[in-house]
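Since the structure comes first, as structure tokens, the remarks are kept for the end.
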Amino acid sequence: MPIRPSSGKQIDQLIADLSAGRAFTRDAAIARLTIIGTRAVDRLIAILETPAATSTRLAALRTLEGIADPRALDVVLNVLNDPDDAVACGAVSAVQVFLRSARGADVVDRLTRVALDTHRHSEVRLAAIQALSDLEASTLMPLWKALAQDINSTVRAKARGAVSKKTKPDATLATTIDAAARGELPDPAMLKQAIVGLDRSVSLALLHRVLERIREREVNEPSHRRTEWTTARAAAHLALANRGSRLGLYDLRESLEGSTRPLPVEFLSALSLIGDSSCLEAIAAAYAKAGGSATDWWTQHLAAVFREIAKRERITPRHAVVKRIAQRWGDAAKALQAGVR
């Protein structure tokens with residue numbers, strides 16, 4: 001599809017923003033490019049075919065994951081072999097959305113090779129194993145058996161954990177989710193129940209579209225009804241995070257930054273699973289707004305998630321984000337940084 005001049009300029013600017021130093025600018029560009037969709041695919045592919053910075057390539061992969069356009073699949077499959085482990089993991093997440101597509105067999109084959117390759121970093125192998133676990137265990141039983149004898153103890157444990165019984169998907173739940181993705185939203189409590197009961201056969205892209213439809217409905221609801229939709233959105237966030245997807249990360253951070261009261265605990269659970277350094281300022285802002293009471297469940301959970309992310313991302317007190325937090329939030333920042341070493 002040809003790009004109209006006006007939209008072409010917008011895409012040019014957003015593509016440039018993917019290289020921004022500030023994570024907020026980068027993630028905002030990811031969110032907007034995902035909405036633009038297929039018109040941005042060629043430009044995103046071009047990023048992956050050039051020696052761009054790691055953060056830029058990861059941003060392109062996250063955007064392509066959200067768009068889920070088959071034109072990008074071959075390029076992203078090649079990126080699975082990238083020597084940068086972070087980029088390779090990003091490629092695993094981006095190809096995962098095609099596991100049940102017409103090219104699903106190709107995706108399974110390439111992810112299986114990554115999972116079995118003892119020369120690859122364990123983080124990349126574990127990402128591939130996690131992605132493959134979306135499929136029926138019976139289909140992948142030979143792989144799980146092979147990996148259960150792997151020389152890497154972490155890989156062995158992950159493979160053994162993947163061998164679990166899976167129940168047959170509830171057709172009613174799948175129908176509810178499909179309708180929700182099209183904007184036909186049921187009662188929020190019913191929708192939350194459908195999201196919680198989903199199995200892994202539902203694509204990440206579809207689940208993300210449901211999250212977006214919920215958010216659109218939520219902001220237009222009166223205040224006394226908004227909480228129910230927030231709770232349903234929280235369930236969608238946790239469902240995505242449990243599958244290792246960062247498609248909802250921008251919305252998670254934006255929700256924290258704009259929160260004036262505690263959010264459902266699923267928001268924090270999702271952040272603890274997929275949050276990165278770009279989330280720490282939002283967490284600090286929410287902590288400071290809440291008053292930082294050591295006995296309050298909300299601030300306790302915020303502090304715990306802050307420290308978990310800082311540990312996982314190897315954020316030290318000398319990191320720029322920690323210094324910014326200290327300058328902006330003073331005493332509240334000190335309480336959060338107690339867990340940063």
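Lettering and numbering for the structure tokens are positional, with chains as A, B, ... in the shown order, residues counted from 1 in each chain, and ligands counted from 1 in the shown order.
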
query = Counting only C-alpha atoms, what is within 10 Å of Trp229 in chain A, bar same-chain residues fewer than 4 positions away, as a list of chain:residue names?
reply = A:Asp187, A:Pro188, A:Ala189, A:Leu191, A:Lys192, A:Ile214, A:Arg215, A:Glu216, A:Arg217, A:Glu218, A:Val219, A:Glu221, A:Arg225, A:Arg233, A:Ala234, A:Ala235

Return as a Markdown table the residues of range 206-309 of chain A lying at most 12 Å from range 22-36 of chain A, together with the closest atom-to-atom pair for each and the distance in Å to one decimal, counting only C-alpha atoms, with rows in chain order and ascending residue number.
```
| residue | atom | partner | partner_atom | distance |
| --- | --- | --- | --- | --- |
| A:His208 | CA | A:Thr34 | CA | 10.8 |
| A:Arg209 | CA | A:Ile35 | CA | 10.2 |
| A:Glu212 | CA | A:Ile35 | CA | 10.1 |
| A:Arg246 | CA | A:Asp27 | CA | 10.8 |
| A:Leu247 | CA | A:Ala31 | CA | 8.8 |
| A:Gly248 | CA | A:Ala31 | CA | 9.3 |
| A:Leu249 | CA | A:Asp27 | CA | 8.4 |
| A:Tyr250 | CA | A:Asp27 | CA | 6.0 |
| A:Asp251 | CA | A:Ala31 | CA | 8.7 |
| A:Leu252 | CA | A:Asp27 | CA | 11.2 |
| A:Arg253 | CA | A:Phe24 | CA | 9.1 |
| A:Glu254 | CA | A:Phe24 | CA | 9.3 |
| A:Glu257 | CA | A:Phe24 | CA | 11.3 |
| A:Asp276 | CA | A:Ala23 | CA | 9.9 |
| A:Ser277 | CA | A:Ala23 | CA | 8.6 |
| A:Ser278 | CA | A:Ala23 | CA | 5.6 |
| A:Cys279 | CA | A:Ala23 | CA | 8.9 |
| A:Leu280 | CA | A:Ala23 | CA | 11.0 |
| A:Glu281 | CA | A:Phe24 | CA | 10.2 |
| A:Ala282 | CA | A:Phe24 | CA | 10.2 |
```

Please produce an output containing N, CA and C atoms for each residue in the selection, written as a PDB file, in the first residue's frame.
```pdb
ATOM      1  N   HIS A 208      -3.914  -8.353  22.781  1.00  0.00           N
ATOM      2  CA  HIS A 208      -3.555  -6.938  22.874  1.00  0.00           C
ATOM      3  C   HIS A 208      -4.651  -6.050  22.312  1.00  0.00           C
ATOM      4  N   ARG A 209      -5.287  -6.494  21.235  1.00  0.00           N
ATOM      5  CA  ARG A 209      -6.409  -5.714  20.687  1.00  0.00           C
ATOM      6  C   ARG A 209      -7.561  -5.630  21.689  1.00  0.00           C
ATOM      7  N   GLU A 212      -6.737  -2.964  24.146  1.00  0.00           N
ATOM      8  CA  GLU A 212      -6.968  -1.627  23.584  1.00  0.00           C
ATOM      9  C   GLU A 212      -8.451  -1.263  23.554  1.00  0.00           C
ATOM     10  N   ARG A 246       5.600  -7.958  25.895  1.00  0.00           N
ATOM     11  CA  ARG A 246       5.688  -6.581  26.355  1.00  0.00           C
ATOM     12  C   ARG A 246       4.772  -5.651  25.562  1.00  0.00           C
ATOM     13  N   LEU A 247       3.804  -6.222  24.877  1.00  0.00           N
ATOM     14  CA  LEU A 247       2.905  -5.395  24.071  1.00  0.00           C
ATOM     15  C   LEU A 247       2.159  -4.368  24.928  1.00  0.00           C
ATOM     16  N   GLY A 248       1.899  -4.694  26.165  1.00  0.00           N
ATOM     17  CA  GLY A 248       1.135  -3.783  27.020  1.00  0.00           C
ATOM     18  C   GLY A 248       1.990  -2.886  27.891  1.00  0.00           C
ATOM     19  N   LEU A 249       3.316  -2.893  27.704  1.00  0.00           N
ATOM     20  CA  LEU A 249       4.203  -2.177  28.617  1.00  0.00           C
ATOM     21  C   LEU A 249       3.949  -0.675  28.619  1.00  0.00           C
ATOM     22  N   TYR A 250       3.745  -0.090  27.452  1.00  0.00           N
ATOM     23  CA  TYR A 250       3.503   1.355  27.383  1.00  0.00           C
ATOM     24  C   TYR A 250       2.252   1.721  28.177  1.00  0.00           C
ATOM     25  N   ASP A 251       1.190   0.948  28.014  1.00  0.00           N
ATOM     26  CA  ASP A 251      -0.049   1.237  28.730  1.00  0.00           C
ATOM     27  C   ASP A 251       0.124   1.037  30.231  1.00  0.00           C
ATOM     28  N   LEU A 252       0.903   0.034  30.629  1.00  0.00           N
ATOM     29  CA  LEU A 252       1.168  -0.176  32.051  1.00  0.00           C
ATOM     30  C   LEU A 252       1.820   1.059  32.669  1.00  0.00           C
ATOM     31  N   ARG A 253       2.849   1.542  32.010  1.00  0.00           N
ATOM     32  CA  ARG A 253       3.574   2.694  32.553  1.00  0.00           C
ATOM     33  C   ARG A 253       2.703   3.943  32.543  1.00  0.00           C
ATOM     34  N   GLU A 254       1.952   4.131  31.457  1.00  0.00           N
ATOM     35  CA  GLU A 254       1.072   5.297  31.366  1.00  0.00           C
ATOM     36  C   GLU A 254      -0.009   5.266  32.448  1.00  0.00           C
ATOM     37  N   GLU A 257       1.583   6.317  35.744  1.00  0.00           N
ATOM     38  CA  GLU A 257       1.872   7.751  35.769  1.00  0.00           C
ATOM     39  C   GLU A 257       0.611   8.573  35.986  1.00  0.00           C
ATOM     40  N   ASP A 276      10.800  -2.858  32.823  1.00  0.00           N
ATOM     41  CA  ASP A 276      12.219  -2.576  32.616  1.00  0.00           C
ATOM     42  C   ASP A 276      12.546  -1.221  33.227  1.00  0.00           C
ATOM     43  N   SER A 277      13.751  -0.731  32.974  1.00  0.00           N
ATOM     44  CA  SER A 277      14.201   0.513  33.612  1.00  0.00           C
ATOM     45  C   SER A 277      13.297   1.696  33.278  1.00  0.00           C
ATOM     46  N   SER A 278      12.632   1.656  32.114  1.00  0.00           N
ATOM     47  CA  SER A 278      11.765   2.770  31.730  1.00  0.00           C
ATOM     48  C   SER A 278      10.536   2.887  32.634  1.00  0.00           C
ATOM     49  N   CYS A 279      10.256   1.861  33.414  1.00  0.00           N
ATOM     50  CA  CYS A 279       9.078   1.858  34.295  1.00  0.00           C
ATOM     51  C   CYS A 279       9.377   2.449  35.673  1.00  0.00           C
ATOM     52  N   LEU A 280      10.641   2.591  36.023  1.00  0.00           N
ATOM     53  CA  LEU A 280      10.991   2.947  37.403  1.00  0.00           C
ATOM     54  C   LEU A 280      10.516   4.338  37.790  1.00  0.00           C
ATOM     55  N   GLU A 281      10.585   5.302  36.880  1.00  0.00           N
ATOM     56  CA  GLU A 281      10.121   6.650  37.218  1.00  0.00           C
ATOM     57  C   GLU A 281       8.611   6.669  37.438  1.00  0.00           C
ATOM     58  N   ALA A 282       7.877   5.903  36.646  1.00  0.00           N
ATOM     59  CA  ALA A 282       6.428   5.842  36.828  1.00  0.00           C
ATOM     60  C   ALA A 282       6.083   5.225  38.180  1.00  0.00           C
TER      61      ALA A 282
END
```

Out of range 39-125 of chain A, which residues get alpha helix (DSSP H) from DSSP, as a ChimeraX atom specification? /A:41-48,54-67,73-79,85-96,104-116,122-125

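Nearest to Ala68 in chain A of all the residues A:Leu204, A:Gly21, A:Leu48, A:Ala105 is A:Leu204, based on only C-alpha atoms.
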
Find the spatial neighbours of Glu123 in chain A, counting only C-alpha atoms, within a cut-off of 8 Å - ignore same-chain residues fewer than 2 positions away - and output them as a VMD selection string.
-> chain A and resid 85 89 121 125 to 127

Residues at most 10 Å from Val202 in chain A, counting only C-alpha atoms, excluding those fewer than 2 positions away in the same chain, as a PyMOL selection string?
chain A and resi 97+100+134+169+174+177-178+195+198-200+204-207

Excluding same-chain residues fewer than 2 positions from range 268-274 of chain A, what lies within 10 Å of it counting only C-alpha atoms, as a PyMOL selection string? chain A and resi 234-249+252-253+256+263-266+276+279+283+298+301-302+304-309+312

Give me a file of those residues, with C-alpha atoms, as a PDB file, in the first residue's frame.
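Writing done, so here's selection.pdb:
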```
ATOM      1  CA  ALA A 234      -5.617  -5.469  34.485  1.00  0.00           C
ATOM      2  CA  ALA A 235      -6.497  -9.093  33.723  1.00  0.00           C
ATOM      3  CA  ALA A 236      -5.501  -8.563  30.083  1.00  0.00           C
ATOM      4  CA  HIS A 237      -2.181  -7.059  31.151  1.00  0.00           C
ATOM      5  CA  LEU A 238      -1.385 -10.019  33.359  1.00  0.00           C
ATOM      6  CA  ALA A 239      -2.382 -12.494  30.637  1.00  0.00           C
ATOM      7  CA  LEU A 240       0.061 -10.821  28.233  1.00  0.00           C
ATOM      8  CA  ALA A 241       2.838 -10.608  30.815  1.00  0.00           C
ATOM      9  CA  ASN A 242       2.438 -14.244  31.830  1.00  0.00           C
ATOM     10  CA  ARG A 243       3.305 -15.127  28.249  1.00  0.00           C
ATOM     11  CA  GLY A 244       6.381 -12.899  28.227  1.00  0.00           C
ATOM     12  CA  SER A 245       4.857 -10.265  25.946  1.00  0.00           C
ATOM     13  CA  ARG A 246       5.688  -6.581  26.355  1.00  0.00           C
ATOM     14  CA  LEU A 247       2.905  -5.395  24.071  1.00  0.00           C
ATOM     15  CA  GLY A 248       1.135  -3.783  27.020  1.00  0.00           C
ATOM     16  CA  LEU A 249       4.203  -2.177  28.617  1.00  0.00           C
ATOM     17  CA  LEU A 252       1.168  -0.176  32.051  1.00  0.00           C
ATOM     18  CA  ARG A 253       3.574   2.694  32.553  1.00  0.00           C
ATOM     19  CA  LEU A 256       0.854   4.218  36.709  1.00  0.00           C
ATOM     20  CA  LEU A 263      -4.664   0.133  40.637  1.00  0.00           C
ATOM     21  CA  PRO A 264      -5.661  -3.548  40.655  1.00  0.00           C
ATOM     22  CA  VAL A 265      -2.783  -5.695  41.845  1.00  0.00           C
ATOM     23  CA  GLU A 266      -2.578  -7.406  38.424  1.00  0.00           C
ATOM     24  CA  ASP A 276      12.219  -2.576  32.616  1.00  0.00           C
ATOM     25  CA  CYS A 279       9.078   1.858  34.295  1.00  0.00           C
ATOM     26  CA  ILE A 283       6.598   3.557  39.861  1.00  0.00           C
ATOM     27  CA  TRP A 298      -0.184  -0.340  47.457  1.00  0.00           C
ATOM     28  CA  HIS A 301       3.824  -3.590  46.314  1.00  0.00           C
ATOM     29  CA  LEU A 302       5.151  -0.592  44.386  1.00  0.00           C
ATOM     30  CA  ALA A 304       8.711  -4.502  45.838  1.00  0.00           C
ATOM     31  CA  VAL A 305       8.191  -4.212  42.076  1.00  0.00           C
ATOM     32  CA  PHE A 306      10.638  -1.286  41.866  1.00  0.00           C
ATOM     33  CA  ARG A 307      13.343  -3.346  43.561  1.00  0.00           C
ATOM     34  CA  GLU A 308      12.615  -6.449  41.522  1.00  0.00           C
ATOM     35  CA  ILE A 309      12.955  -4.551  38.249  1.00  0.00           C
ATOM     36  CA  ARG A 312      16.705  -7.751  37.106  1.00  0.00           C
TER      37      ARG A 312
END
```

**Q.** CA of Arg314 in chain A to CA of Leu58 in chain A, distance in Å rounded to a single decimal
**A.**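 That distance, rounded to one decimal, is 18.5 Å.
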
To one decimal place in Å, what is the distance between CA of Leu99 in chain A and CA of Gln130 in chain A?
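Straight-line distance from CA of Leu99 in chain A to CA of Gln130 in chain A works out to 12.3 Å.
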
In terms of only C-alpha atoms, the residue from A:Lys311, A:Arg103, A:Arg182, A:His224 at minimal distance from Leu211 in chain A is A:Arg182

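Counting from CA of Asp17 in chain A, the distance to CA of Asp84 in chain A is 21.6 Å.
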
- For His119 in chain A, please output as a PyMOL selection string all residues within 12 Å (counting only C-alpha atoms; exclusion window: fewer than 5 positions along the same chain). chain A and resi 81+83+85+113-114+124-125+150-152

Need to verify the contact set: Arg328 in chain A, 12 Å, only C-alpha atoms, exclusion of same-chain residues closer than 6 positions in sequence. Can you return it as a ChimeraX atom specification?
/A:281-282,284-285,288,321-322,334

Query raised in the report: Smallest atom-to-atom distance to Val87 in chain A: which of A:Pro51, A:Gly66, A:Arg156, A:Val107, using only C-alpha atoms?
Result: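 Comparing A:Pro51, A:Gly66, A:Arg156, A:Val107 against Val87 in chain A, the winner is A:Pro51.
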